[in-house]
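Engineer: Following this line is work.pdb, made up of PDB, C-alpha atoms and all ligand atoms:
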ATOM      1  CA  MET T   6     -63.820 -35.587  27.659
ATOM      2  CA  SER T   7     -65.606 -38.080  29.911
ATOM      3  CA  LEU T   8     -68.163 -35.604  31.356
ATOM      4  CA  SER T   9     -68.838 -33.380  28.332
ATOM      5  CA  GLY T  10     -72.424 -32.135  28.186
ATOM      6  CA  LYS T  11     -73.162 -33.204  31.773
ATOM      7  CA  THR T  12     -73.941 -30.912  34.713
ATOM      8  CA  ALA T  13     -72.703 -31.599  38.255
ATOM      9  CA  PHE T  14     -74.162 -30.278  41.528
ATOM     10  CA  ILE T  15     -71.462 -30.350  44.213
ATOM     11  CA  THR T  16     -72.053 -29.498  47.883
ATOM     12  CA  GLY T  17     -69.252 -28.366  50.175
ATOM     13  CA  ALA T  18     -67.792 -26.814  47.029
ATOM     14  CA  GLY T  19     -66.152 -23.881  48.780
ATOM     15  CA  SER T  20     -63.273 -25.833  50.275
ATOM     16  CA  GLY T  21     -61.139 -28.975  50.329
ATOM     17  CA  ILE T  22     -62.455 -32.041  48.523
ATOM     18  CA  GLY T  23     -65.576 -30.269  47.195
ATOM     19  CA  ARG T  24     -63.514 -27.515  45.579
ATOM     20  CA  ALA T  25     -61.109 -30.079  44.083
ATOM     21  CA  ALA T  26     -64.106 -32.029  42.728
ATOM     22  CA  CYS T  27     -65.376 -28.859  41.016
ATOM     23  CA  LYS T  28     -61.995 -28.313  39.361
ATOM     24  CA  ILE T  29     -61.505 -31.916  38.225
ATOM     25  CA  LEU T  30     -65.092 -32.391  36.981
ATOM     26  CA  ALA T  31     -64.829 -29.098  35.052
ATOM     27  CA  ARG T  32     -61.513 -30.283  33.595
ATOM     28  CA  ASP T  33     -63.351 -33.419  32.463
ATOM     29  CA  GLY T  34     -66.018 -31.338  30.708
ATOM     30  CA  ALA T  35     -68.916 -30.973  33.185
ATOM     31  CA  ASN T  36     -70.834 -27.773  33.900
ATOM     32  CA  ILE T  37     -70.322 -27.032  37.597
ATOM     33  CA  ILE T  38     -72.854 -25.925  40.206
ATOM     34  CA  ALA T  39     -70.716 -25.122  43.252
ATOM     35  CA  ALA T  40     -72.930 -25.098  46.377
ATOM     36  CA  ASP T  41     -71.715 -24.244  49.856
ATOM     37  CA  ILE T  42     -72.938 -22.686  53.092
ATOM     38  CA  ASN T  43     -70.192 -20.104  52.533
ATOM     39  CA  ALA T  44     -71.371 -18.235  49.420
ATOM     40  CA  LYS T  45     -68.103 -16.309  49.067
ATOM     41  CA  ASN T  46     -66.008 -19.496  49.016
ATOM     42  CA  ALA T  47     -68.371 -21.157  46.528
ATOM     43  CA  LYS T  48     -68.046 -18.126  44.226
ATOM     44  CA  GLU T  49     -64.250 -18.276  44.601
ATOM     45  CA  THR T  50     -64.331 -21.911  43.471
ATOM     46  CA  VAL T  51     -66.261 -20.939  40.348
ATOM     47  CA  ASP T  52     -63.815 -18.103  39.674
ATOM     48  CA  LEU T  53     -61.009 -20.670  39.798
ATOM     49  CA  ILE T  54     -62.618 -22.771  37.070
ATOM     50  CA  ASP T  55     -64.253 -20.078  34.946
ATOM     51  CA  LYS T  56     -61.587 -20.312  32.289
ATOM     52  CA  GLN T  57     -63.009 -23.714  31.312
ATOM     53  CA  GLU T  58     -65.497 -23.963  28.463
ATOM     54  CA  THR T  59     -68.312 -24.887  30.815
ATOM     55  CA  LYS T  60     -71.307 -23.065  32.291
ATOM     56  CA  ASN T  61     -70.574 -22.719  35.998
ATOM     57  CA  ILE T  62     -72.539 -21.101  38.832
ATOM     58  CA  SER T  63     -72.274 -20.866  42.602
ATOM     59  CA  ILE T  64     -75.137 -21.249  45.056
ATOM     60  CA  ALA T  65     -75.420 -20.513  48.776
ATOM     61  CA  LEU T  66     -76.822 -23.649  50.375
ATOM     62  CA  ASP T  67     -77.312 -25.103  53.832
ATOM     63  CA  VAL T  68     -77.724 -28.835  53.201
ATOM     64  CA  SER T  69     -79.293 -29.341  56.639
ATOM     65  CA  GLU T  70     -82.299 -27.134  55.772
ATOM     66  CA  SER T  71     -84.857 -28.583  53.374
ATOM     67  CA  ALA T  72     -86.047 -25.100  52.306
ATOM     68  CA  SER T  73     -82.487 -24.192  51.341
ATOM     69  CA  VAL T  74     -82.033 -27.411  49.332
ATOM     70  CA  LYS T  75     -85.356 -26.838  47.546
ATOM     71  CA  SER T  76     -84.484 -23.253  46.642
ATOM     72  CA  ALA T  77     -81.105 -24.446  45.310
ATOM     73  CA  LEU T  78     -82.990 -26.778  42.968
ATOM     74  CA  VAL T  79     -85.196 -23.877  41.820
ATOM     75  CA  LYS T  80     -82.095 -21.822  40.971
ATOM     76  CA  VAL T  81     -80.556 -24.761  39.113
ATOM     77  CA  LEU T  82     -83.713 -25.279  37.046
ATOM     78  CA  GLU T  83     -83.875 -21.542  36.237
ATOM     79  CA  THR T  84     -80.283 -21.649  35.002
ATOM     80  CA  TYR T  85     -80.054 -25.008  33.202
ATOM     81  CA  SER T  86     -83.777 -25.819  32.536
ATOM     82  CA  LYS T  87     -83.222 -29.379  33.787
ATOM     83  CA  PRO T  88     -81.730 -31.033  36.882
ATOM     84  CA  PRO T  89     -78.069 -32.051  36.909
ATOM     85  CA  SER T  90     -77.301 -35.710  36.241
ATOM     86  CA  ILE T  91     -74.331 -35.713  38.659
ATOM     87  CA  ILE T  92     -74.801 -35.065  42.392
ATOM     88  CA  VAL T  93     -71.801 -34.961  44.730
ATOM     89  CA  ASN T  94     -72.562 -34.820  48.462
ATOM     90  CA  CYS T  95     -69.373 -33.422  49.914
ATOM     91  CA  ALA T  96     -70.575 -30.932  52.554
ATOM     92  CA  GLY T  97     -69.494 -32.099  55.984
ATOM     93  CA  ILE T  98     -68.462 -30.910  59.424
ATOM     94  CA  THR T  99     -66.750 -32.241  62.526
ATOM     95  CA  ARG T 100     -67.464 -31.281  66.138
ATOM     96  CA  ASP T 101     -65.050 -33.600  67.940
ATOM     97  CA  ASN T 102     -65.136 -34.515  71.606
ATOM     98  CA  PHE T 103     -64.922 -37.637  73.738
ATOM     99  CA  LEU T 104     -68.315 -39.319  73.884
ATOM    100  CA  LEU T 105     -68.695 -38.682  77.616
ATOM    101  CA  ASN T 106     -68.172 -34.943  77.040
ATOM    102  CA  LEU T 107     -69.983 -34.512  73.741
ATOM    103  CA  SER T 108     -72.875 -32.068  73.893
ATOM    104  CA  GLU T 109     -76.253 -33.001  72.485
ATOM    105  CA  GLU T 110     -76.026 -29.896  70.287
ATOM    106  CA  ASN T 111     -72.721 -30.971  68.713
ATOM    107  CA  PHE T 112     -74.042 -34.483  68.170
ATOM    108  CA  GLN T 113     -77.107 -33.106  66.426
ATOM    109  CA  GLN T 114     -75.222 -30.551  64.282
ATOM    110  CA  VAL T 115     -72.956 -33.218  62.785
ATOM    111  CA  VAL T 116     -75.831 -35.607  62.072
ATOM    112  CA  ASP T 117     -77.889 -32.772  60.573
ATOM    113  CA  VAL T 118     -75.205 -31.694  58.099
ATOM    114  CA  ASN T 119     -73.491 -34.982  57.233
ATOM    115  CA  LEU T 120     -76.404 -37.431  57.269
ATOM    116  CA  LYS T 121     -79.657 -35.472  57.014
ATOM    117  CA  GLY T 122     -78.028 -33.105  54.505
ATOM    118  CA  THR T 123     -77.059 -36.018  52.268
ATOM    119  CA  PHE T 124     -80.614 -37.370  52.536
ATOM    120  CA  LEU T 125     -82.227 -34.015  51.684
ATOM    121  CA  VAL T 126     -80.014 -33.472  48.630
ATOM    122  CA  ILE T 127     -80.534 -37.014  47.314
ATOM    123  CA  GLN T 128     -84.295 -36.859  47.828
ATOM    124  CA  THR T 129     -84.774 -33.388  46.334
ATOM    125  CA  PHE T 130     -82.469 -33.740  43.347
ATOM    126  CA  CYS T 131     -83.233 -37.375  42.487
ATOM    127  CA  LYS T 132     -86.984 -36.644  42.561
ATOM    128  CA  ALA T 133     -86.308 -33.897  40.025
ATOM    129  CA  MET T 134     -84.129 -36.227  37.923
ATOM    130  CA  VAL T 135     -86.961 -38.758  37.787
ATOM    131  CA  GLU T 136     -89.608 -36.119  36.973
ATOM    132  CA  HIS T 137     -87.467 -34.647  34.175
ATOM    133  CA  GLN T 138     -86.393 -38.119  32.973
ATOM    134  CA  VAL T 139     -82.716 -37.192  33.175
ATOM    135  CA  PRO T 140     -80.746 -40.159  31.786
ATOM    136  CA  LYS T 141     -77.772 -41.822  33.518
ATOM    137  CA  GLY T 142     -78.070 -40.099  36.892
ATOM    138  CA  THR T 143     -75.214 -40.643  39.300
ATOM    139  CA  VAL T 144     -74.891 -39.717  42.980
ATOM    140  CA  ILE T 145     -71.559 -39.746  44.785
ATOM    141  CA  ASN T 146     -71.645 -39.483  48.584
ATOM    142  CA  VAL T 147     -68.516 -38.734  50.564
ATOM    143  CA  GLY T 148     -68.384 -41.005  53.604
ATOM    144  CA  SER T 149     -65.251 -41.735  55.621
ATOM    145  CA  ILE T 150     -63.019 -44.556  56.812
ATOM    146  CA  VAL T 151     -64.164 -43.406  60.273
ATOM    147  CA  GLY T 152     -67.702 -44.574  59.441
ATOM    148  CA  LYS T 153     -66.385 -48.157  59.172
ATOM    149  CA  ASN T 154     -64.007 -48.261  62.111
ATOM    150  CA  GLY T 155     -64.988 -45.483  64.481
ATOM    151  CA  ASN T 156     -62.441 -43.019  65.783
ATOM    152  CA  ILE T 157     -61.664 -41.657  69.233
ATOM    153  CA  GLY T 158     -63.391 -38.300  69.749
ATOM    154  CA  GLN T 159     -65.677 -38.731  66.751
ATOM    155  CA  SER T 160     -68.722 -40.735  67.881
ATOM    156  CA  ASN T 161     -71.011 -38.156  66.221
ATOM    157  CA  TYR T 162     -69.007 -37.983  62.986
ATOM    158  CA  ALA T 163     -68.451 -41.767  62.775
ATOM    159  CA  ALA T 164     -72.163 -42.462  63.246
ATOM    160  CA  SER T 165     -73.114 -39.878  60.613
ATOM    161  CA  LYS T 166     -70.677 -41.353  58.079
ATOM    162  CA  ALA T 167     -71.779 -44.953  58.778
ATOM    163  CA  GLY T 168     -75.288 -43.674  58.056
ATOM    164  CA  VAL T 169     -74.151 -42.126  54.781
ATOM    165  CA  GLU T 170     -72.628 -45.431  53.682
ATOM    166  CA  VAL T 171     -75.693 -47.550  54.358
ATOM    167  CA  MET T 172     -78.040 -44.879  52.975
ATOM    168  CA  THR T 173     -75.951 -45.047  49.795
ATOM    169  CA  LYS T 174     -76.604 -48.791  49.503
ATOM    170  CA  THR T 175     -80.314 -48.313  50.165
ATOM    171  CA  ALA T 176     -80.614 -45.474  47.645
ATOM    172  CA  ALA T 177     -78.805 -47.600  45.049
ATOM    173  CA  LYS T 178     -81.382 -50.370  45.557
ATOM    174  CA  GLU T 179     -84.333 -47.962  45.286
ATOM    175  CA  LEU T 180     -83.088 -45.746  42.460
ATOM    176  CA  GLY T 181     -81.480 -48.336  40.177
ATOM    177  CA  ARG T 182     -84.801 -48.856  38.391
ATOM    178  CA  GLU T 183     -84.748 -45.127  37.557
ATOM    179  CA  GLY T 184     -81.313 -45.517  35.969
ATOM    180  CA  ILE T 185     -79.642 -43.649  38.833
ATOM    181  CA  ARG T 186     -76.410 -45.059  40.263
ATOM    182  CA  VAL T 187     -75.507 -44.219  43.874
ATOM    183  CA  ASN T 188     -72.038 -44.799  45.293
ATOM    184  CA  ALA T 189     -69.913 -43.724  48.248
ATOM    185  CA  ILE T 190     -66.265 -42.811  48.508
ATOM    186  CA  LEU T 191     -64.629 -43.446  51.869
ATOM    187  CA  PRO T 192     -61.550 -41.237  52.172
ATOM    188  CA  GLY T 193     -58.899 -41.886  54.772
ATOM    189  CA  PHE T 194     -57.011 -38.788  55.877
ATOM    190  CA  VAL T 195     -56.858 -35.980  53.351
ATOM    191  CA  THR T 196     -55.103 -32.622  53.703
ATOM    192  CA  THR T 197     -57.903 -30.013  53.839
ATOM    193  CA  PRO T 198     -59.065 -27.290  56.256
ATOM    194  CA  MET T 199     -61.003 -30.062  58.057
ATOM    195  CA  THR T 200     -57.851 -32.023  58.955
ATOM    196  CA  ASP T 201     -55.938 -28.804  59.699
ATOM    197  CA  LEU T 202     -57.888 -28.931  62.964
ATOM    198  CA  VAL T 203     -56.135 -32.202  63.948
ATOM    199  CA  PRO T 204     -53.156 -31.625  66.287
ATOM    200  CA  ASP T 205     -49.759 -32.317  64.611
ATOM    201  CA  LYS T 206     -48.905 -35.105  67.079
ATOM    202  CA  LEU T 207     -52.096 -36.956  66.180
ATOM    203  CA  LYS T 208     -51.427 -36.423  62.456
ATOM    204  CA  GLU T 209     -48.083 -38.227  62.908
ATOM    205  CA  VAL T 210     -49.866 -41.143  64.595
ATOM    206  CA  PHE T 211     -52.351 -41.382  61.705
ATOM    207  CA  ALA T 212     -49.615 -41.100  59.034
ATOM    208  CA  SER T 213     -47.704 -43.965  60.693
ATOM    209  CA  LYS T 214     -50.751 -46.221  60.128
ATOM    210  CA  ILE T 215     -50.985 -45.385  56.397
ATOM    211  CA  PRO T 216     -49.049 -47.807  54.164
ATOM    212  CA  LEU T 217     -48.352 -44.963  51.695
ATOM    213  CA  SER T 218     -47.018 -42.969  54.701
ATOM    214  CA  ARG T 219     -48.844 -39.730  53.886
ATOM    215  CA  PHE T 220     -52.217 -38.014  53.890
ATOM    216  CA  GLY T 221     -54.052 -37.898  50.554
ATOM    217  CA  THR T 222     -54.689 -34.768  48.505
ATOM    218  CA  PRO T 223     -58.195 -33.470  47.715
ATOM    219  CA  GLU T 224     -57.431 -34.059  44.032
ATOM    220  CA  GLU T 225     -56.789 -37.772  44.676
ATOM    221  CA  ILE T 226     -60.344 -38.053  46.020
ATOM    222  CA  ALA T 227     -61.746 -35.868  43.237
ATOM    223  CA  GLU T 228     -60.298 -38.158  40.533
ATOM    224  CA  VAL T 229     -62.372 -41.034  41.948
ATOM    225  CA  ILE T 230     -65.432 -38.787  42.115
ATOM    226  CA  SER T 231     -64.944 -38.021  38.418
ATOM    227  CA  PHE T 232     -64.669 -41.743  37.630
ATOM    228  CA  LEU T 233     -67.920 -42.488  39.505
ATOM    229  CA  ALA T 234     -69.595 -39.545  37.742
ATOM    230  CA  SER T 235     -68.627 -40.839  34.301
ATOM    231  CA  ASP T 236     -69.896 -43.668  32.134
ATOM    232  CA  LYS T 237     -66.571 -45.447  32.811
ATOM    233  CA  SER T 238     -68.243 -46.695  36.021
ATOM    234  CA  SER T 239     -71.586 -47.513  34.358
ATOM    235  CA  TYR T 240     -72.005 -50.891  36.142
ATOM    236  CA  ILE T 241     -70.951 -49.684  39.610
ATOM    237  CA  SER T 242     -73.773 -48.895  42.036
ATOM    238  CA  GLY T 243     -74.198 -49.335  45.777
ATOM    239  CA  ALA T 244     -70.415 -49.505  46.185
ATOM    240  CA  SER T 245     -68.229 -47.945  48.860
ATOM    241  CA  ILE T 246     -64.776 -47.222  47.494
ATOM    242  CA  ASP T 247     -61.867 -46.843  49.932
ATOM    243  CA  VAL T 248     -59.457 -44.069  48.961
ATOM    244  CA  ASN T 249     -57.094 -44.087  51.907
ATOM    245  CA  GLY T 250     -53.508 -44.944  50.956
ATOM    246  CA  GLY T 251     -54.010 -48.527  52.121
ATOM    247  CA  MET T 252     -55.023 -47.646  55.693
ATOM    248  CA  VAL T 253     -56.986 -50.499  57.280
ATOM    249  CA  THR T 254     -58.110 -48.763  60.450
ATOM    250  CA  CYS T 255     -57.591 -45.396  62.112
TER     251      CYS T 255
HETATM  252  P1  LIG T 301     -63.729 -28.831  54.354
HETATM  253  O1  LIG T 301     -62.503 -28.340  53.673
HETATM  254  O2  LIG T 301     -64.068 -28.315  55.698
HETATM  255  O3  LIG T 301     -64.967 -28.619  53.356
HETATM  256  C1  LIG T 301     -66.302 -28.832  53.740
HETATM  257  C2  LIG T 301     -67.146 -27.738  53.131
HETATM  258  O4  LIG T 301     -68.534 -27.978  53.464
HETATM  259  C3  LIG T 301     -66.794 -26.345  53.680
HETATM  260  O5  LIG T 301     -66.745 -25.391  52.648
HETATM  261  C4  LIG T 301     -67.964 -26.092  54.626
HETATM  262  O6  LIG T 301     -68.214 -24.717  54.862
HETATM  263  C5  LIG T 301     -69.096 -26.746  53.874
HETATM  264  N1  LIG T 301     -70.263 -26.911  54.721
HETATM  265  C6  LIG T 301     -70.312 -27.084  56.067
HETATM  266  N2  LIG T 301     -71.577 -27.157  56.487
HETATM  267  C7  LIG T 301     -72.367 -27.033  55.392
HETATM  268  C8  LIG T 301     -73.761 -27.005  55.183
HETATM  269  N3  LIG T 301     -74.613 -27.125  56.223
HETATM  270  N4  LIG T 301     -74.231 -26.859  53.922
HETATM  271  C9  LIG T 301     -73.378 -26.721  52.888
HETATM  272  N5  LIG T 301     -72.042 -26.708  53.017
HETATM  273  C10 LIG T 301     -71.537 -26.868  54.260
HETATM  274  O7  LIG T 301     -63.669 -30.418  54.515
HETATM  275  P2  LIG T 301     -63.158 -31.561  53.521
HETATM  276  O8  LIG T 301     -62.052 -32.228  54.209
HETATM  277  O9  LIG T 301     -63.004 -31.083  52.133
HETATM  278  O10 LIG T 301     -64.422 -32.542  53.625
HETATM  279  C11 LIG T 301     -65.283 -32.796  52.542
HETATM  280  C12 LIG T 301     -66.029 -34.082  52.843
HETATM  281  O11 LIG T 301     -65.089 -35.152  52.933
HETATM  282  C13 LIG T 301     -66.780 -34.047  54.181
HETATM  283  O12 LIG T 301     -68.011 -34.728  54.045
HETATM  284  C14 LIG T 301     -65.852 -34.820  55.096
HETATM  285  O13 LIG T 301     -66.550 -35.403  56.166
HETATM  286  C15 LIG T 301     -65.295 -35.844  54.144
HETATM  287  N6  LIG T 301     -64.037 -36.455  54.561
HETATM  288  C16 LIG T 301     -62.924 -35.689  54.732
HETATM  289  C17 LIG T 301     -61.743 -36.314  55.133
HETATM  290  C18 LIG T 301     -60.468 -35.555  55.343
HETATM  291  O14 LIG T 301     -59.505 -36.165  55.814
HETATM  292  N7  LIG T 301     -60.387 -34.285  54.992
HETATM  293  C19 LIG T 301     -61.727 -37.690  55.338
HETATM  294  C20 LIG T 301     -62.882 -38.432  55.159
HETATM  295  C21 LIG T 301     -64.037 -37.799  54.751
HETATM  296  P3  LIG T 301     -67.536 -24.051  56.183
HETATM  297  O15 LIG T 301     -66.055 -24.131  55.967
HETATM  298  O16 LIG T 301     -68.068 -22.659  56.174
HETATM  299  O17 LIG T 301     -68.001 -24.885  57.350
END
Reformat the file's structure so that it appears as structure tokens.

Structural biologist:
Amino acid sequence: MSLSGKTAFITGAGSGIGRAACKILARDGANIIAADINAKNAKETVDLIDKQETKNISIALDVSESASVKSALVKVLETYSKPPSIIVNCAGITRDNFLLNLSEENFQQVVDVNLKGTFLVIQTFCKAMVEHQVPKGTVINVGSIVGKNGNIGQSNYAASKAGVEVMTKTAAKELGREGIRVNAILPGFVTTPMTDLVPDKLKEVFASKIPLSRFGTPEEIAEVISFLASDKSSYISGASIDVNGGMVTC
């Protein structure tokens, strides 16, 4: 199996794409650390994969709080004695509103979770990877097509995801010398609790712009995460990979 013997730390693991990533990476042989702000959902994810022959744990984590990220690392080191070599930054939120109506609080919340959270996890876990000389580190950040094109009602979310994409490229430049690859996946529209919030009429408009005429599944994103986590992608770093059914803009 492509990820046998490796350990993966996945944020946002209690739902949607993060949960699917836990399942697919476990299928491919990785030990899974399922981290989410919702401890119950993270535990449920681990229960779903516990039949695999891997060592899996769940952790309650708020990616926007550095103390929470640091204590997650402590728990990981207690359990596995070394940092994971695979980091998947999947935790994310939306707080949609037209720019002229968007509150400062909702702008800040989205940036804190999506962008600052990705920064805190990369910094904390990659520092540990370097200190412990973990070989073949790989970080996969989940951005969005919206970070390239913008989207009505999502100025906060679009800006946070554009930040994730360019932080990915910067981290790849800085961490390459440490043997750590850093890549981003830019999903289009994927059926998860996050997109359940989108009104049906708007979903139809989005689907009509997708050449494959449908939303993606969380598993279709997770398969690409597994590829970027594995040695099959050993010469890919600093890349942003579109996984969007051929959608050019939203
Ligand atoms: P989801 O089902 O809502 O999953 C996101 C998970 O992150 C939830 O379990 C959520 O917990 C958790 N979370 C929220 N704030 C957190 C925090 N501060 N610390 C740790 N965990 C936190 O959404 P999804 O669709 O799977 O999204 C996963 C990622 O893909 C996100 O980064 C999203 O922006 C990105 N994405 C999604 C789509 C799409 O169409 N679905 C498209 C492009 C990109 P709660 O449920 O308790 O908030």

Engineer: Taking all atoms listed in the file into account, which residues have an atom no farther than 6 Å from ligand LIG 301 (chain T)? I'd like them as a compact mmCIF listing (two decimals) with C-alpha atoms, in the frame of the given file.

Structural biologist:
# COMPACT_ATOMS: atom_id res chain seq x y z
CA THR T 16 -72.05 -29.50 47.88
CA GLY T 17 -69.25 -28.37 50.18
CA ALA T 18 -67.79 -26.81 47.03
CA GLY T 19 -66.15 -23.88 48.78
CA SER T 20 -63.27 -25.83 50.28
CA GLY T 21 -61.14 -28.98 50.33
CA ILE T 22 -62.46 -32.04 48.52
CA GLY T 23 -65.58 -30.27 47.20
CA ASP T 41 -71.72 -24.24 49.86
CA ILE T 42 -72.94 -22.69 53.09
CA ASN T 43 -70.19 -20.10 52.53
CA LEU T 66 -76.82 -23.65 50.38
CA ASP T 67 -77.31 -25.10 53.83
CA VAL T 68 -77.72 -28.84 53.20
CA SER T 69 -79.29 -29.34 56.64
CA CYS T 95 -69.37 -33.42 49.91
CA ALA T 96 -70.58 -30.93 52.55
CA GLY T 97 -69.49 -32.10 55.98
CA ILE T 98 -68.46 -30.91 59.42
CA VAL T 118 -75.20 -31.69 58.10
CA VAL T 147 -68.52 -38.73 50.56
CA GLY T 148 -68.38 -41.00 53.60
CA SER T 149 -65.25 -41.74 55.62
CA PRO T 192 -61.55 -41.24 52.17
CA GLY T 193 -58.90 -41.89 54.77
CA PHE T 194 -57.01 -38.79 55.88
CA VAL T 195 -56.86 -35.98 53.35
CA THR T 196 -55.10 -32.62 53.70
CA THR T 197 -57.90 -30.01 53.84
CA PRO T 198 -59.06 -27.29 56.26
CA MET T 199 -61.00 -30.06 58.06
CA THR T 200 -57.85 -32.02 58.96

Engineer: Excluding range 224-237 of chain T and residues on its chain fewer than 5 positions from it, collect all residues at most 8 Å away from it, counting only C-alpha atoms, and give them as an MDAnalysis selection string.

Structural biologist: chainID T and resid 7:8 22:23 25:26 29:30 33 91 93 143:145 188 190 192 248

Engineer: What is the distance between CA of Ser71 in chain T and CA of Asp117 in chain T, in Å to one decimal?

Structural biologist: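 Calculated distance between CA of Ser71 in chain T and CA of Asp117 in chain T is 10.9 Å.
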
Engineer: Report as a PDB file with C-alpha atoms, in the coordinates of the input the residues that result from applying the PyMOL selection byres (((chain T and resi 246) around 7) and not hetatm) to the structure here.

Structural biologist:
ATOM      1  CA  ALA T 189     -69.913 -43.724  48.248  1.00  0.00           C
ATOM      2  CA  ILE T 190     -66.265 -42.811  48.508  1.00  0.00           C
ATOM      3  CA  LEU T 191     -64.629 -43.446  51.869  1.00  0.00           C
ATOM      4  CA  ALA T 244     -70.415 -49.505  46.185  1.00  0.00           C
ATOM      5  CA  SER T 245     -68.229 -47.945  48.860  1.00  0.00           C
ATOM      6  CA  ASP T 247     -61.867 -46.843  49.932  1.00  0.00           C
ATOM      7  CA  VAL T 248     -59.457 -44.069  48.961  1.00  0.00           C
TER       8      VAL T 248
END

Engineer: Quick one, how far is CA of Lys166 in chain T from CA of Glu110 in chain T?

Structural biologist: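 Atom-to-atom, CA of Lys166 in chain T to CA of Glu110 in chain T, that is 17.6 Å.
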
Engineer: Of the candidates T:Ile37, T:Val253, T:Lys214, T:Gly155, which shows the shortest atom-to-atom distance to Leu53 in chain T, using all atoms listed in the file?

Structural biologist: T:Ile37

Engineer: Using only C-alpha atoms, pick whichever of T:Phe220, T:Phe112, T:Phe14, T:Tyr162 has the shortest atom-to-atom distance to Lys80 in chain T.

Structural biologist: T:Phe14

Engineer: Skipping near chain neighbours, those fewer than 3 positions away, what residues fall within 8 Å of Val139 in chain T using all atoms listed in the file, listed as a list of chain:residue names?

Structural biologist: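 My list of contacting residues is T:Lys87, T:Pro88, T:Pro89, T:Ser90, T:Met134, T:Val135, T:Glu136, T:Gly142.
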
Engineer: Could you pull the residues within 12 Å of Val79 in chain T, counting only C-alpha atoms, minus those fewer than 4 positions along the same chain, as a list of chain:residue names?

Structural biologist: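 Within the cut-off, the hits are T:Ile64, T:Leu66, T:Ala72, T:Ser73, T:Val74, T:Lys75, T:Glu83, T:Thr84, T:Tyr85, T:Ser86, T:Lys87, T:Pro88, T:Pro89, T:Thr129, T:Phe130, T:Ala133.
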
Engineer: Excluding range 176-182 of chain T and residues on its chain fewer than 3 positions from it, collect all residues at most 9 Å away from it, counting all atoms listed in the file, and give them as a list in words.

Structural biologist: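 Within the cut-off, the hits are Ile127, Cys131, Val171, Met172, Thr173, Ile185, Arg186, Val187, Asn188, Ser242, Gly243 and Ala244 of chain T.
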
Engineer: Convert the output of the PyMOL selection byres (((chain T and resi 48) around 8) and not hetatm) on the shown file into explicit residues, formatted as a list of chain:residue names.

Structural biologist: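 Selected by the PyMOL selection byres (((chain T and resi 48) around 8) and not hetatm) in this file: T:Gly19, T:Ala39, T:Ala44, T:Lys45, T:Asn46, T:Ala47, T:Glu49, T:Thr50, T:Val51, T:Asp52, T:Ile62, T:Ser63, T:Ile64.
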
Engineer: For a quick check of understanding, using all atoms listed in the file, which of T:Asn154, T:Asn61, T:Gln128, T:Ser239 has the smallest distance to Thr254 in chain T?

Structural biologist: T:Asn154

Engineer: Rank nothing, just name the residue among T:Gly250, T:Gly168, T:Gly10, T:Pro140 nearest to Asn119 in chain T, using all atoms listed in the file.

Structural biologist: T:Gly168

Engineer: Please measure the separation of CA of Ile157 in chain T and CA of Phe211 in chain T, giving the value in Å to one decimal.

Structural biologist: 12.0 Å

Engineer: Take every atom of range 166-180 of chain T listed in the file, fit an axis-aligned box around them, add 8 Å per side, and give the centre and edge lengths in Å to one decimal as JSON.

Structural biologist:
{"center_x": -77.5, "center_y": -45.9, "center_z": 50.6, "size_x": 29.7, "size_y": 25.0, "size_z": 32.3}

Engineer: Env of Leu104 in chain T: 9 Å cut, atoms = all atoms listed in the file, seq-sep filter 2 positions within chain, self excluded. Answer as JSON, numbers by chain.

Structural biologist: {"T": [101, 102, 106, 107, 108, 157, 158, 159, 160, 161]}

Engineer: Smallest atom-to-atom distance to Ser238 in chain T: which of T:Glu209, T:Ala77, T:Lys174, T:Lys141, using all atoms listed in the file?

Structural biologist: T:Lys141
